[in-house]
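What's in target33.cif: mmCIF, C-alpha atoms
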data_input
#
loop_
_atom_site.label_atom_id
_atom_site.label_comp_id
_atom_site.auth_asym_id
_atom_site.auth_seq_id
_atom_site.Cartn_x
_atom_site.Cartn_y
_atom_site.Cartn_z
CA MET A 1145 0.95 15.45 -3.20
CA LYS A 1146 -2.69 14.49 -2.86
CA ARG A 1147 -3.75 10.96 -2.07
CA ARG A 1148 -5.45 10.74 -5.49
CA GLU A 1149 -2.11 11.41 -7.18
CA PHE A 1150 -0.34 8.92 -4.94
CA ILE A 1151 -2.89 6.17 -5.31
CA THR A 1152 -3.27 6.96 -9.02
CA LEU A 1153 -0.10 5.01 -9.53
CA PHE A 1154 -2.25 2.07 -8.39
CA GLY A 1155 -5.44 3.11 -10.11
CA GLY A 1156 -6.91 6.04 -8.19
CA ALA A 1157 -8.71 7.03 -5.00
CA ALA A 1158 -9.84 10.10 -3.04
CA ALA A 1159 -7.73 13.21 -2.30
CA TRP A 1160 -5.40 13.20 0.69
CA PRO A 1161 -2.43 15.57 1.30
CA LEU A 1162 0.49 13.31 2.19
CA ALA A 1163 2.99 16.16 2.16
CA ALA A 1164 1.01 18.14 4.74
CA ARG A 1165 0.62 15.06 6.89
CA ALA A 1166 4.38 14.42 6.71
CA GLN A 1167 5.07 17.97 7.91
CA GLN A 1168 2.70 17.53 10.85
CA GLN A 1169 4.28 14.24 11.84
CA ALA A 1170 7.86 15.36 11.18
CA LYS A 1171 8.48 12.08 9.36
CA LEU A 1172 8.53 10.93 5.79
CA PRO A 1173 5.29 9.64 4.27
CA THR A 1174 5.53 5.89 4.73
CA VAL A 1175 4.31 3.01 2.60
CA GLY A 1176 3.85 -0.41 4.19
CA PHE A 1177 4.56 -2.95 1.44
CA THR A 1178 3.77 -6.59 2.18
CA GLY A 1179 3.63 -9.86 0.29
CA THR A 1180 4.70 -13.48 0.46
CA ASP A 1181 8.46 -13.01 0.08
CA ALA A 1182 10.92 -10.57 -1.44
CA SER A 1183 12.03 -12.89 -4.23
CA LEU A 1184 8.46 -13.29 -5.54
CA TRP A 1185 7.80 -9.55 -5.28
CA SER A 1186 11.17 -8.25 -6.54
CA SER A 1187 9.91 -7.21 -9.98
CA TRP A 1188 6.85 -5.49 -8.43
CA MET A 1189 9.09 -3.66 -5.95
CA ALA A 1190 11.37 -2.45 -8.73
CA VAL A 1191 8.48 -1.14 -10.85
CA PHE A 1192 6.86 0.40 -7.78
CA ALA A 1193 10.05 2.22 -6.76
CA GLN A 1194 10.64 3.37 -10.37
CA ARG A 1195 7.12 4.78 -10.65
CA LEU A 1196 7.50 6.57 -7.33
CA ARG A 1197 10.75 8.15 -8.63
CA GLU A 1198 8.93 9.25 -11.79
CA LEU A 1199 6.40 10.99 -9.55
CA GLY A 1200 9.17 12.69 -7.56
CA TRP A 1201 9.16 10.36 -4.56
CA ILE A 1202 12.67 9.14 -3.69
CA GLU A 1203 12.90 6.25 -1.26
CA GLY A 1204 14.80 7.32 1.85
CA ARG A 1205 14.65 11.04 0.94
CA THR A 1206 11.02 11.99 0.32
CA ILE A 1207 9.26 8.72 1.15
CA ALA A 1208 9.93 5.68 3.33
CA ILE A 1209 8.94 2.15 2.38
CA GLU A 1210 8.62 -0.52 5.05
CA TYR A 1211 8.82 -3.98 3.44
CA ARG A 1212 7.44 -6.97 5.33
CA TRP A 1213 7.14 -10.59 4.13
CA ASN A 1214 4.94 -13.34 5.55
CA GLU A 1215 7.26 -16.00 4.08
CA GLY A 1216 4.36 -18.25 3.13
CA ARG A 1217 2.91 -18.18 6.63
CA PRO A 1218 -0.56 -16.56 6.48
CA GLU A 1219 -0.64 -16.21 10.28
CA ARG A 1220 2.17 -13.63 9.93
CA ILE A 1221 -0.16 -11.24 8.07
CA ALA A 1222 -1.86 -10.24 11.34
CA GLU A 1223 1.53 -9.52 12.92
CA ILE A 1224 2.55 -7.43 9.91
CA ALA A 1225 -0.78 -5.57 9.99
CA ALA A 1226 -0.32 -4.74 13.68
CA GLU A 1227 3.20 -3.54 13.00
CA PHE A 1228 2.03 -1.27 10.16
CA VAL A 1229 -0.62 0.21 12.47
CA ARG A 1230 2.01 0.81 15.19
CA LEU A 1231 4.32 2.42 12.61
CA LYS A 1232 1.42 4.61 11.43
CA VAL A 1233 2.17 3.96 7.76
CA ASP A 1234 0.27 6.23 5.37
CA VAL A 1235 -0.78 3.50 2.93
CA ILE A 1236 -0.42 -0.28 2.69
CA VAL A 1237 0.36 -2.02 -0.61
CA THR A 1238 -0.37 -5.74 -0.78
CA ASN A 1239 -2.19 -8.56 -2.57
CA ALA A 1240 -5.82 -9.68 -2.21
CA ILE A 1241 -4.96 -12.56 0.12
CA ALA A 1242 -3.79 -10.18 2.85
CA VAL A 1243 -6.63 -7.63 2.53
CA PRO A 1244 -9.17 -9.20 4.96
CA THR A 1245 -6.58 -9.43 7.75
CA LEU A 1246 -5.23 -5.94 7.07
CA ARG A 1247 -8.76 -4.53 7.01
CA GLN A 1248 -9.40 -6.07 10.45
CA ALA A 1249 -6.34 -4.23 11.77
CA THR A 1250 -7.26 -0.78 10.41
CA GLU A 1251 -10.24 1.06 9.01
CA VAL A 1252 -8.18 4.24 8.59
CA ILE A 1253 -5.00 3.38 6.68
CA PRO A 1254 -5.68 3.03 2.92
CA ILE A 1255 -5.00 -0.49 1.64
CA VAL A 1256 -4.19 -0.83 -2.06
CA PHE A 1257 -3.95 -4.17 -3.84
CA ALA A 1258 -3.57 -5.26 -7.45
CA LEU A 1259 -3.19 -9.01 -7.31
CA GLY A 1260 -6.21 -11.20 -6.79
CA PRO A 1261 -9.36 -12.45 -8.46
CA ASP A 1262 -12.71 -10.60 -8.52
CA PRO A 1263 -12.40 -8.01 -5.75
CA VAL A 1264 -16.15 -7.24 -5.85
CA GLY A 1265 -17.29 -10.89 -5.87
CA GLY A 1266 -14.78 -11.68 -3.15
CA GLY A 1267 -16.23 -8.94 -0.95
CA LEU A 1268 -13.00 -6.94 -0.77
CA VAL A 1269 -14.53 -3.78 -2.30
CA ALA A 1270 -18.14 -2.65 -2.82
CA SER A 1271 -17.51 -1.74 -6.47
CA LEU A 1272 -14.54 -0.90 -8.66
CA THR A 1273 -15.60 2.74 -9.12
CA ARG A 1274 -16.66 3.27 -5.50
CA PRO A 1275 -14.78 0.74 -3.40
CA GLY A 1276 -15.96 2.15 -0.07
CA GLY A 1277 -13.96 2.04 3.13
CA ASN A 1278 -10.20 2.06 3.07
CA VAL A 1279 -9.58 -0.75 0.53
CA HIS A 1280 -8.78 0.11 -3.09
CA TRP A 1281 -8.17 -2.26 -6.01
CA THR A 1282 -6.39 -1.59 -9.28
CA VAL A 1283 -5.77 -3.53 -12.47
CA ASP A 1284 -2.47 -1.78 -13.14
CA PRO A 1285 -0.53 -0.75 -10.04
CA VAL A 1286 1.99 1.40 -11.87
CA HIS A 1287 -0.13 3.63 -14.12
#
Structure encoded using structure tokens:
Amino acid sequence: MKRREFITLFGGAAAWPLAARAQQQAKLPTVGFTGTDASLWSSWMAVFAQRLRELGWIEGRTIAIEYRWNEGRPERIAEIAAEFVRLKVDVIVTNAIAVPTLRQATEVIPIVFALGPDPVGGGLVASLTRPGGNVHWTVDPVH
């Protein structure tokens, strides 16, 4: 699966062969998924997992998802970012609040977010059509 297809479920991005990378690493492609807490994100997680299944990605069989929660403590975002870098996740899914801290931790791992006001005005992406760097924004994370 190319990165464009994978990130298309969030809104689109450039091509990147996750399957080939998984073979080289001898591990499942891994998504780092982070937010405030599991109870607030439960509906997003369910829709996310369902859309992955529709695309042929089965959690635990063809893809791994590492969930991390900052539990309302913004200082935990840096710890989570460092952990995702250590784990070498293939993509990070989050909200706009976490993006600046995640971006400080990695310029390589794609960061996809859907929640947050004005990503261009907030300086998170250069533009919606050409976000630049490794940060990508989407209006609809599941289509």
Between A:Leu1172, A:Glu1215, A:Val1256, A:Thr1178, which is the closest to A:Glu1227 once you count all atoms listed in the file? A:Thr1178
Could you list the residues chosen by the PyMOL selection byres ((chain A and resi 1218) around 12) in this structure as a CSV table (one decimal) with C-alpha atoms, in the coordinates of the input?
chain,number,residue,atom,x,y,z
A,1178,THR,CA,3.8,-6.6,2.2
A,1179,GLY,CA,3.6,-9.9,0.3
A,1180,THR,CA,4.7,-13.5,0.5
A,1181,ASP,CA,8.5,-13.0,0.1
A,1213,TRP,CA,7.1,-10.6,4.1
A,1214,ASN,CA,4.9,-13.3,5.6
A,1215,GLU,CA,7.3,-16.0,4.1
A,1216,GLY,CA,4.4,-18.2,3.1
A,1217,ARG,CA,2.9,-18.2,6.6
A,1219,GLU,CA,-0.6,-16.2,10.3
A,1220,ARG,CA,2.2,-13.6,9.9
A,1221,ILE,CA,-0.2,-11.2,8.1
A,1222,ALA,CA,-1.9,-10.2,11.3
A,1223,GLU,CA,1.5,-9.5,12.9
A,1224,ILE,CA,2.6,-7.4,9.9
A,1225,ALA,CA,-0.8,-5.6,10.0
A,1241,ILE,CA,-5.0,-12.6,0.1
A,1242,ALA,CA,-3.8,-10.2,2.8
A,1243,VAL,CA,-6.6,-7.6,2.5
A,1244,PRO,CA,-9.2,-9.2,5.0
A,1245,THR,CA,-6.6,-9.4,7.8
A,1246,LEU,CA,-5.2,-5.9,7.1
I'd like the interatomic distance between atom CA of A:Arg1212 and atom CA of A:Gly1176, to a tenth of an Å. 7.6 Å
Gap from atom CA of A:Lys1171 to atom CA of A:Ser1187 - Å, one decimal: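 Answer for the atom CA of A:Lys1171 to atom CA of A:Ser1187 separation: 27.4 Å.
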Quick check, in Å to one decimal: how far apart do atom CA of A:Leu1196 and atom CA of A:Ala1182 lie?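 It comes out at 18.4 Å.
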Of the residues A:Thr1174, A:Gln1194, A:Ile1202, A:Glu1210, which is the one nearest to A:Ile1253, using only C-alpha atoms?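 Going through A:Thr1174, A:Gln1194, A:Ile1202, A:Glu1210 one by one, the smallest distance to A:Ile1253 is for A:Thr1174.
Across the chains present, the PyMOL selection byres ((chain A and resi 1232) around 12) applied to this file returns Arg1165, Ala1166, Gln1169, Lys1171, Leu1172, Pro1173, Thr1174, Val1175, Gly1176, Ala1208, Glu1210, Ala1225, Ala1226, Glu1227, Phe1228, Val1229, Arg1230, Leu1231, Val1233, Asp1234, Val1235, Ile1236, Ala1249, Thr1250, Val1252, Ile1253 and Pro1254 of chain A.
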